[in-house]
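What follows is one structure encoded as structure tokens, with my remarks underneath.
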Amino acid sequence: MKAVIAIALLTAAASARADDEAPATETEELDKPDSAGRVDKGTIGIGIMIGEPVGFCARLYLSDDQAIQGAVGAAFIGDGLQVHADYVFHPYILQTRDSFVLATYIGPGVRVIQYDKGRDDTFIALGLRAVGGLLFDFKNPLDAFVEVAGVLEYGFADDEGFGPALNVGAGVRYYF
């Protein structure tokens, strides 16, 4: 009788252990690292950035090494509201670690800014951007970035015309 109870307990324990390793669901498959150790974290990332401008940013991956990114925010140095978008390439991977991949990115873009120089002195400027940065692509649904962009813009006001500008920023995005 004791042997039958012991066998029943061992069988129950073995089947409980087998149940712990049930087949993965579709969501769990997405969270598993691939052969390079990366987690499939989605193609759309939304987050915040600080610098020039301070606001919200987003990135849409078109492929592993190409993306469209943009931001909307307050330009404190430029004193206005800025919107920009860039088409970026990731030409070099500087480091690959267990927790992140450090990549560079460069690309062209556009910027629209509404300068607010006072109560009656507001105008719009349209510019071309050349952006470059470092991307810390974490092996979870986050990335962080630091970027610098030179801008050649045209201000639509009487005394403005063409002129250079500079954007420098850092931020973090969550991917889904």
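Naming scheme: A, B, ... for chains in displayed order of the structure tokens; residues 1 onward per chain; ligands 1 onward as shown.
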Query raised in the report: Excluding same-chain residues fewer than 6 positions from Tyr174 (chain A), what lies within 8 Å of it counting only C-alpha atoms, as an MDAnalysis selection string?
Result: chainID A and resid 45:47 141:143
Selection from above, N, CA and C atoms, as a CSV table (one decimal), in the first residue's frame, can you write it?
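Final file, selection_23.csv:
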```csv
chain,number,residue,atom,x,y,z
A,45,GLY,N,8.3,52.7,-31.8
A,45,GLY,CA,8.8,53.2,-30.4
A,45,GLY,C,8.3,54.6,-30.2
A,46,ILE,N,7.8,54.8,-29.0
A,46,ILE,CA,7.3,56.2,-28.6
A,46,ILE,C,8.0,56.5,-27.3
A,47,GLY,N,8.4,57.8,-27.1
A,47,GLY,CA,9.0,58.2,-25.9
A,47,GLY,C,9.2,59.7,-25.7
A,141,PRO,N,12.2,46.1,-24.4
A,141,PRO,CA,11.5,47.0,-25.3
A,141,PRO,C,11.9,48.5,-25.2
A,142,LEU,N,13.1,48.8,-24.8
A,142,LEU,CA,13.5,50.2,-24.7
A,142,LEU,C,14.8,50.4,-25.5
A,143,ASP,N,14.9,51.7,-25.9
A,143,ASP,CA,16.2,52.1,-26.5
A,143,ASP,C,16.4,53.6,-26.0
```
Requested in this report: Would you mind listing what lies within 6 Å of region 71-82 of chain A as a list in words, with only C-alpha atoms counted and same-chain residues fewer than 3 positions away left out?
Outcome: Glu52, Pro53, Val54, Gly55, Phe56, Cys57, Val112, Ile113, Gln114, Tyr115 and Asp116 of chain A
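Here CA of Ala58 (chain A) and CA of Pro91 (chain A) stand 20.1 Å from one another.
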**Report entry** Selection: 8 Å around Ala170 (chain A), only C-alpha atoms, excl. self and same-chain fewer than 6 positions, as a ChimeraX atom specification
**Finding:** /A:49-51,144-147
Keeping only C-alpha atoms, take the residues you just selected and write them out as a compact mmCIF listing (two decimals), in the first residue's frame.
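Resulting contents of again.txt:
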```
# COMPACT_ATOMS: atom_id res chain seq x y z
CA MET A 49 13.42 63.55 -25.46
CA ILE A 50 15.23 66.40 -23.74
CA GLY A 51 17.50 69.00 -25.22
CA ALA A 144 18.02 55.34 -25.59
CA PHE A 145 19.68 57.80 -27.93
CA VAL A 146 21.89 60.87 -28.13
CA GLU A 147 21.86 62.93 -31.32
```
Report summary line: A straight line from CA of Phe156 (chain A) to CA of His84 (chain A) spans 17.2 Å
Query raised in the report: Do you know which residues are at most 9 Å from Val101 (chain A) counting only C-alpha atoms, after dropping those on the same chain fewer than 6 positions away, and could you put them as a list in words?
Result: Arg38, Ile93, Leu94, Gln95, Leu135, Phe136, Asp137, Phe138 and Lys139 of chain A
Writing out the chosen residues with C-alpha atoms as a PDB file, in the first residue's frame:
```pdb
ATOM      1  CA  ARG A  38      17.888  40.287 -29.296  1.00  0.00           C
ATOM      2  CA  ILE A  93      27.449  48.699 -34.787  1.00  0.00           C
ATOM      3  CA  LEU A  94      30.108  49.849 -32.338  1.00  0.00           C
ATOM      4  CA  GLN A  95      29.508  47.249 -29.612  1.00  0.00           C
ATOM      5  CA  LEU A 135      21.588  54.425 -30.312  1.00  0.00           C
ATOM      6  CA  PHE A 136      21.667  52.222 -27.211  1.00  0.00           C
ATOM      7  CA  ASP A 137      19.373  49.414 -28.391  1.00  0.00           C
ATOM      8  CA  PHE A 138      18.587  47.483 -25.212  1.00  0.00           C
ATOM      9  CA  LYS A 139      17.553  43.848 -25.442  1.00  0.00           C
TER      10      LYS A 139
END
```
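Interatomic distance, CA of Ile106 (chain A) against CA of Ala85 (chain A): 12.6 Å.
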Requested in this report: Would you please give, as a PyMOL selection string, all residues of region 21-157 of chain A that DSSP assigns to strand (DSSP E) based on the backbone?
Outcome: chain A and resi 44-51+54-63+66-75+80-89+93-96+100-116+122-138+142-155
Can you write just those residues out, C-alpha atoms, as an mmCIF file, in the first residue's frame?
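Final output, result.cif:
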```cif
data_model
loop_
_atom_site.group_PDB
_atom_site.id
_atom_site.type_symbol
_atom_site.label_atom_id
_atom_site.label_comp_id
_atom_site.auth_asym_id
_atom_site.auth_seq_id
_atom_site.Cartn_x
_atom_site.Cartn_y
_atom_site.Cartn_z
ATOM 1 C CA ILE A 44 7.179 51.332 -33.348
ATOM 2 C CA GLY A 45 8.761 53.181 -30.441
ATOM 3 C CA ILE A 46 7.311 56.170 -28.603
ATOM 4 C CA GLY A 47 9.049 58.173 -25.898
ATOM 5 C CA ILE A 48 10.381 61.466 -24.626
ATOM 6 C CA MET A 49 13.421 63.546 -25.464
ATOM 7 C CA ILE A 50 15.226 66.400 -23.738
ATOM 8 C CA GLY A 51 17.501 68.999 -25.223
ATOM 9 C CA VAL A 54 12.021 68.961 -25.294
ATOM 10 C CA GLY A 55 9.010 66.829 -26.107
ATOM 11 C CA PHE A 56 7.753 63.556 -27.512
ATOM 12 C CA CYS A 57 9.599 61.383 -30.004
ATOM 13 C CA ALA A 58 8.807 58.319 -32.103
ATOM 14 C CA ARG A 59 10.618 55.872 -34.362
ATOM 15 C CA LEU A 60 9.308 53.416 -36.955
ATOM 16 C CA TYR A 61 11.719 50.728 -38.163
ATOM 17 C CA LEU A 62 11.414 50.007 -41.875
ATOM 18 C CA SER A 63 14.117 47.312 -41.694
ATOM 19 C CA GLN A 66 16.652 51.882 -41.605
ATOM 20 C CA ALA A 67 14.049 53.891 -39.725
ATOM 21 C CA ILE A 68 11.905 56.997 -39.795
ATOM 22 C CA GLN A 69 12.069 59.059 -36.619
ATOM 23 C CA GLY A 70 10.520 62.307 -35.524
ATOM 24 C CA ALA A 71 9.736 64.568 -32.615
ATOM 25 C CA VAL A 72 7.388 67.324 -31.522
ATOM 26 C CA GLY A 73 8.367 69.666 -28.742
ATOM 27 C CA ALA A 74 9.239 73.023 -27.293
ATOM 28 C CA ALA A 75 12.425 74.596 -28.588
ATOM 29 C CA GLY A 80 9.028 78.155 -30.209
ATOM 30 C CA LEU A 81 7.324 74.914 -31.195
ATOM 31 C CA GLN A 82 9.325 72.478 -33.346
ATOM 32 C CA VAL A 83 8.363 69.424 -35.429
ATOM 33 C CA HIS A 84 10.987 67.361 -37.221
ATOM 34 C CA ALA A 85 11.262 64.049 -39.085
ATOM 35 C CA ASP A 86 14.335 62.124 -40.280
ATOM 36 C CA TYR A 87 15.086 59.084 -42.441
ATOM 37 C CA VAL A 88 18.017 57.377 -40.705
ATOM 38 C CA PHE A 89 20.448 54.589 -41.559
ATOM 39 C CA ILE A 93 27.449 48.699 -34.787
ATOM 40 C CA LEU A 94 30.108 49.849 -32.338
ATOM 41 C CA GLN A 95 29.508 47.249 -29.612
ATOM 42 C CA THR A 96 27.335 44.265 -28.868
ATOM 43 C CA PHE A 100 22.435 46.211 -25.409
ATOM 44 C CA VAL A 101 23.741 46.948 -28.892
ATOM 45 C CA LEU A 102 25.474 50.305 -29.456
ATOM 46 C CA ALA A 103 24.856 51.519 -33.004
ATOM 47 C CA THR A 104 25.395 54.760 -34.898
ATOM 48 C CA TYR A 105 22.845 56.443 -37.121
ATOM 49 C CA ILE A 106 22.912 59.197 -39.731
ATOM 50 C CA GLY A 107 20.416 60.632 -42.147
ATOM 51 C CA PRO A 108 18.585 63.557 -43.720
ATOM 52 C CA GLY A 109 15.456 65.190 -42.405
ATOM 53 C CA VAL A 110 13.195 68.221 -42.317
ATOM 54 C CA ARG A 111 12.215 70.645 -39.582
ATOM 55 C CA VAL A 112 9.382 73.133 -39.162
ATOM 56 C CA ILE A 113 9.592 75.571 -36.262
ATOM 57 C CA GLN A 114 7.376 78.399 -35.143
ATOM 58 C CA TYR A 115 9.607 81.040 -33.617
ATOM 59 C CA ASP A 116 7.956 83.173 -30.959
ATOM 60 C CA THR A 122 6.027 85.170 -34.548
ATOM 61 C CA PHE A 123 7.130 83.468 -37.756
ATOM 62 C CA ILE A 124 7.599 80.029 -39.287
ATOM 63 C CA ALA A 125 10.900 78.584 -40.536
ATOM 64 C CA LEU A 126 11.365 75.508 -42.702
ATOM 65 C CA GLY A 127 14.699 73.705 -42.726
ATOM 66 C CA LEU A 128 16.696 70.694 -43.874
ATOM 67 C CA ARG A 129 18.354 68.586 -41.160
ATOM 68 C CA ALA A 130 21.458 66.386 -41.195
ATOM 69 C CA VAL A 131 21.312 64.176 -38.104
ATOM 70 C CA GLY A 132 23.826 61.812 -36.509
ATOM 71 C CA GLY A 133 23.662 59.945 -33.244
ATOM 72 C CA LEU A 134 24.317 56.975 -31.014
ATOM 73 C CA LEU A 135 21.588 54.425 -30.312
ATOM 74 C CA PHE A 136 21.667 52.222 -27.211
ATOM 75 C CA ASP A 137 19.373 49.414 -28.391
ATOM 76 C CA PHE A 138 18.587 47.483 -25.212
ATOM 77 C CA LEU A 142 13.541 50.156 -24.653
ATOM 78 C CA ASP A 143 16.180 52.146 -26.461
ATOM 79 C CA ALA A 144 18.025 55.343 -25.589
ATOM 80 C CA PHE A 145 19.682 57.805 -27.930
ATOM 81 C CA VAL A 146 21.889 60.874 -28.132
ATOM 82 C CA GLU A 147 21.859 62.926 -31.325
ATOM 83 C CA VAL A 148 23.120 66.108 -32.962
ATOM 84 C CA ALA A 149 21.526 67.702 -36.021
ATOM 85 C CA GLY A 150 22.642 70.629 -38.096
ATOM 86 C CA VAL A 151 19.821 72.584 -39.717
ATOM 87 C CA LEU A 152 19.822 74.970 -42.656
ATOM 88 C CA GLU A 153 16.533 76.836 -42.519
ATOM 89 C CA TYR A 154 14.634 79.620 -44.176
ATOM 90 C CA GLY A 155 12.656 81.948 -41.915
#
```
